[in-house]
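To start, the structure itself, in structure tokens.
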Amino acid sequence: MKQAIFITGFNNWGKTTIIEDLFNNRKKYYQGKHYKIGGINANFTVETHSNDDYWSTWTQVISKRITNEKVSDLNLFTALCPTMHPKNKFIDLLSNPIFQNYDQLHLFLLEYKWEHHAKLMIDNIINSGKTIPKINFVAINADQNLSDTKDRHDAKIKQIKQELMKIFP
């Protein structure tokens, strides 16, 4: 089963840093290559940029990356901003045909911004996105009661890995 994983939060929420840290602090992801997360039974096509980086061309960037893969059944790992802006609505983006080949779309909702100065309105995101077929929402909030920045980051990484182990046993 092919799965798509979306690390979800707004601009400067820490999405890219989390993806890089999950993939052993890797900063570059080449097209035509796949990558692993230690302890997770899956291979991924990785794109660290989200729709808040590439507004109108994000799905094209994802599509190009998927098309250039040499292995056809790779999972996708990317970032997503849950915006409702008319020209960048996350529900419209996830309804794009490029995501229809995935058995499940998993939105890992980073409930708290990296420094805890903002919080996702998770219920609003779920209510907006529940019309998308094959969608699964996972609230990432193990850091909610932690005050140290490193401890918060580590708690998020640990919770994401635990959730990934459930998806990829």
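As shown in the structure tokens, the chain order sets the letters A, B, ...; within each chain, residues go from 1, and ligands are also counted from 1 in the order they appear.
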Among range 1-131 of chain A, which residues does DSSP mark as alpha helix (DSSP H) when it is run on the backbone? Keep the chain and numbering as in the structure and answer as a ChimeraX atom specification. /A:15-22,58-67,90-94,122-129
Run DSSP on the backbone and grab whatever in range 4-138 of chain A lands in strand (DSSP E or B); send it over as a PyMOL selection string. chain A and resi 4-8+35+44-47+75-80+104-110+112+119+135-138
Output file for the selection above: N, CA, C and O atoms, as an mmCIF file, in the first residue's frame:
```
data_model
loop_
_atom_site.group_PDB
_atom_site.id
_atom_site.type_symbol
_atom_site.label_atom_id
_atom_site.label_comp_id
_atom_site.auth_asym_id
_atom_site.auth_seq_id
_atom_site.Cartn_x
_atom_site.Cartn_y
_atom_site.Cartn_z
ATOM 1 N N ALA A 4 0.755 8.512 1.694
ATOM 2 C CA ALA A 4 1.302 9.868 1.599
ATOM 3 C C ALA A 4 1.255 10.480 2.999
ATOM 4 O O ALA A 4 0.212 10.466 3.652
ATOM 5 N N ILE A 5 2.389 10.983 3.430
ATOM 6 C CA ILE A 5 2.519 11.599 4.754
ATOM 7 C C ILE A 5 2.747 13.091 4.556
ATOM 8 O O ILE A 5 3.648 13.501 3.813
ATOM 9 N N PHE A 6 1.952 13.900 5.243
ATOM 10 C CA PHE A 6 2.065 15.355 5.167
ATOM 11 C C PHE A 6 2.331 15.906 6.562
ATOM 12 O O PHE A 6 1.499 15.748 7.456
ATOM 13 N N ILE A 7 3.492 16.521 6.757
ATOM 14 C CA ILE A 7 3.770 17.225 8.005
ATOM 15 C C ILE A 7 3.094 18.590 7.846
ATOM 16 O O ILE A 7 3.456 19.374 6.967
ATOM 17 N N THR A 8 2.105 18.850 8.687
ATOM 18 C CA THR A 8 1.173 19.952 8.448
ATOM 19 C C THR A 8 1.247 21.030 9.527
ATOM 20 O O THR A 8 1.115 20.747 10.719
ATOM 21 N N TYR A 35 14.272 7.557 0.077
ATOM 22 C CA TYR A 35 14.907 7.736 1.378
ATOM 23 C C TYR A 35 14.153 6.974 2.457
ATOM 24 O O TYR A 35 12.970 6.688 2.317
ATOM 25 N N PHE A 44 10.573 6.369 0.891
ATOM 26 C CA PHE A 44 9.821 7.572 0.583
ATOM 27 C C PHE A 44 10.450 8.396 -0.533
ATOM 28 O O PHE A 44 11.669 8.515 -0.624
ATOM 29 N N THR A 45 9.582 9.001 -1.323
ATOM 30 C CA THR A 45 9.918 10.162 -2.133
ATOM 31 C C THR A 45 9.735 11.334 -1.181
ATOM 32 O O THR A 45 8.704 11.412 -0.508
ATOM 33 N N VAL A 46 10.702 12.252 -1.118
ATOM 34 C CA VAL A 46 10.635 13.337 -0.133
ATOM 35 C C VAL A 46 10.685 14.691 -0.830
ATOM 36 O O VAL A 46 11.529 14.929 -1.697
ATOM 37 N N GLU A 47 9.762 15.569 -0.419
ATOM 38 C CA GLU A 47 9.769 16.975 -0.830
ATOM 39 C C GLU A 47 9.530 17.800 0.426
ATOM 40 O O GLU A 47 8.476 17.689 1.049
ATOM 41 N N ASN A 75 6.222 5.568 -1.146
ATOM 42 C CA ASN A 75 5.386 6.436 -0.337
ATOM 43 C C ASN A 75 5.878 7.867 -0.518
ATOM 44 O O ASN A 75 7.012 8.092 -0.936
ATOM 45 N N LEU A 76 5.031 8.815 -0.187
ATOM 46 C CA LEU A 76 5.380 10.224 -0.292
ATOM 47 C C LEU A 76 5.497 10.824 1.094
ATOM 48 O O LEU A 76 4.679 10.535 1.975
ATOM 49 N N PHE A 77 6.500 11.661 1.292
ATOM 50 C CA PHE A 77 6.680 12.386 2.547
ATOM 51 C C PHE A 77 6.912 13.841 2.183
ATOM 52 O O PHE A 77 7.879 14.171 1.491
ATOM 53 N N THR A 78 6.015 14.726 2.620
ATOM 54 C CA THR A 78 6.128 16.132 2.259
ATOM 55 C C THR A 78 5.528 17.017 3.338
ATOM 56 O O THR A 78 5.046 16.529 4.359
ATOM 57 N N ALA A 79 5.570 18.313 3.102
ATOM 58 C CA ALA A 79 5.016 19.305 4.023
ATOM 59 C C ALA A 79 3.737 19.881 3.411
ATOM 60 O O ALA A 79 3.579 19.903 2.194
ATOM 61 N N LEU A 80 2.855 20.353 4.279
ATOM 62 C CA LEU A 80 1.589 20.941 3.823
ATOM 63 C C LEU A 80 1.186 22.057 4.768
ATOM 64 O O LEU A 80 1.272 21.905 5.993
ATOM 65 N N GLN A 104 -3.825 6.026 1.261
ATOM 66 C CA GLN A 104 -4.229 6.857 2.400
ATOM 67 C C GLN A 104 -3.387 8.126 2.385
ATOM 68 O O GLN A 104 -2.199 8.096 2.069
ATOM 69 N N LEU A 105 -4.029 9.244 2.747
ATOM 70 C CA LEU A 105 -3.340 10.525 2.940
ATOM 71 C C LEU A 105 -3.349 10.804 4.434
ATOM 72 O O LEU A 105 -4.409 10.960 5.030
ATOM 73 N N HIS A 106 -2.177 10.849 5.042
ATOM 74 C CA HIS A 106 -2.052 11.053 6.489
ATOM 75 C C HIS A 106 -1.562 12.471 6.750
ATOM 76 O O HIS A 106 -0.429 12.811 6.391
ATOM 77 N N LEU A 107 -2.393 13.285 7.368
ATOM 78 C CA LEU A 107 -2.006 14.639 7.741
ATOM 79 C C LEU A 107 -1.582 14.633 9.201
ATOM 80 O O LEU A 107 -2.404 14.439 10.091
ATOM 81 N N PHE A 108 -0.287 14.808 9.421
ATOM 82 C CA PHE A 108 0.251 14.911 10.773
ATOM 83 C C PHE A 108 0.179 16.384 11.154
ATOM 84 O O PHE A 108 0.984 17.191 10.690
ATOM 85 N N LEU A 109 -0.805 16.727 11.942
ATOM 86 C CA LEU A 109 -1.090 18.113 12.299
ATOM 87 C C LEU A 109 -0.224 18.546 13.475
ATOM 88 O O LEU A 109 -0.432 18.099 14.603
ATOM 89 N N LEU A 110 0.755 19.412 13.208
ATOM 90 C CA LEU A 110 1.615 19.935 14.268
ATOM 91 C C LEU A 110 0.783 20.952 15.046
ATOM 92 O O LEU A 110 0.645 22.096 14.641
ATOM 93 N N TYR A 112 1.159 22.596 17.774
ATOM 94 C CA TYR A 112 1.821 23.787 18.304
ATOM 95 C C TYR A 112 3.006 24.177 17.442
ATOM 96 O O TYR A 112 3.800 23.332 17.042
ATOM 97 N N LYS A 119 -1.082 27.997 17.786
ATOM 98 C CA LYS A 119 -1.681 26.665 17.864
ATOM 99 C C LYS A 119 -2.637 26.482 16.688
ATOM 100 O O LYS A 119 -3.411 27.388 16.370
ATOM 101 N N ILE A 135 -8.566 10.163 3.784
ATOM 102 C CA ILE A 135 -7.760 11.063 4.611
ATOM 103 C C ILE A 135 -7.754 10.601 6.064
ATOM 104 O O ILE A 135 -8.743 10.059 6.557
ATOM 105 N N ASN A 136 -6.628 10.777 6.693
ATOM 106 C CA ASN A 136 -6.451 10.420 8.097
ATOM 107 C C ASN A 136 -5.738 11.580 8.785
ATOM 108 O O ASN A 136 -4.700 12.030 8.320
ATOM 109 N N PHE A 137 -6.308 12.060 9.867
ATOM 110 C CA PHE A 137 -5.716 13.171 10.617
ATOM 111 C C PHE A 137 -5.069 12.639 11.891
ATOM 112 O O PHE A 137 -5.680 11.865 12.620
ATOM 113 N N VAL A 138 -3.835 13.080 12.144
ATOM 114 C CA VAL A 138 -3.109 12.681 13.338
ATOM 115 C C VAL A 138 -2.620 13.956 14.032
ATOM 116 O O VAL A 138 -1.804 14.694 13.465
#
```
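Using only C-alpha atoms for every distance, the candidate list A:Ser128, A:Asn96, A:Asn145, A:Asn11 yields A:Asn96 as the residue closest to Gln60 in chain A.
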Atom-to-atom span, CA of Leu74 in chain A and CA of Lys33 in chain A, Å: 10.1 Å
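For the residues A:Lys2, A:Arg65, A:His153, A:Lys70, ranking by smallest atom-to-atom distance to Tyr29 in chain A using only C-alpha atoms places A:Arg65 first.
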Go through A:Lys156, A:Lys28, A:His116, A:Lys130 and flag the residue nearest Ala142 in chain A, using only C-alpha atoms for the distances.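 Looking at the shortest contact to Ala142 in chain A, the residue is A:Lys156.
Closest approach to Leu120 in chain A among A:Ser147, A:Thr83, A:Ser63, A:Asn51: A:Thr83, based on only C-alpha atoms.
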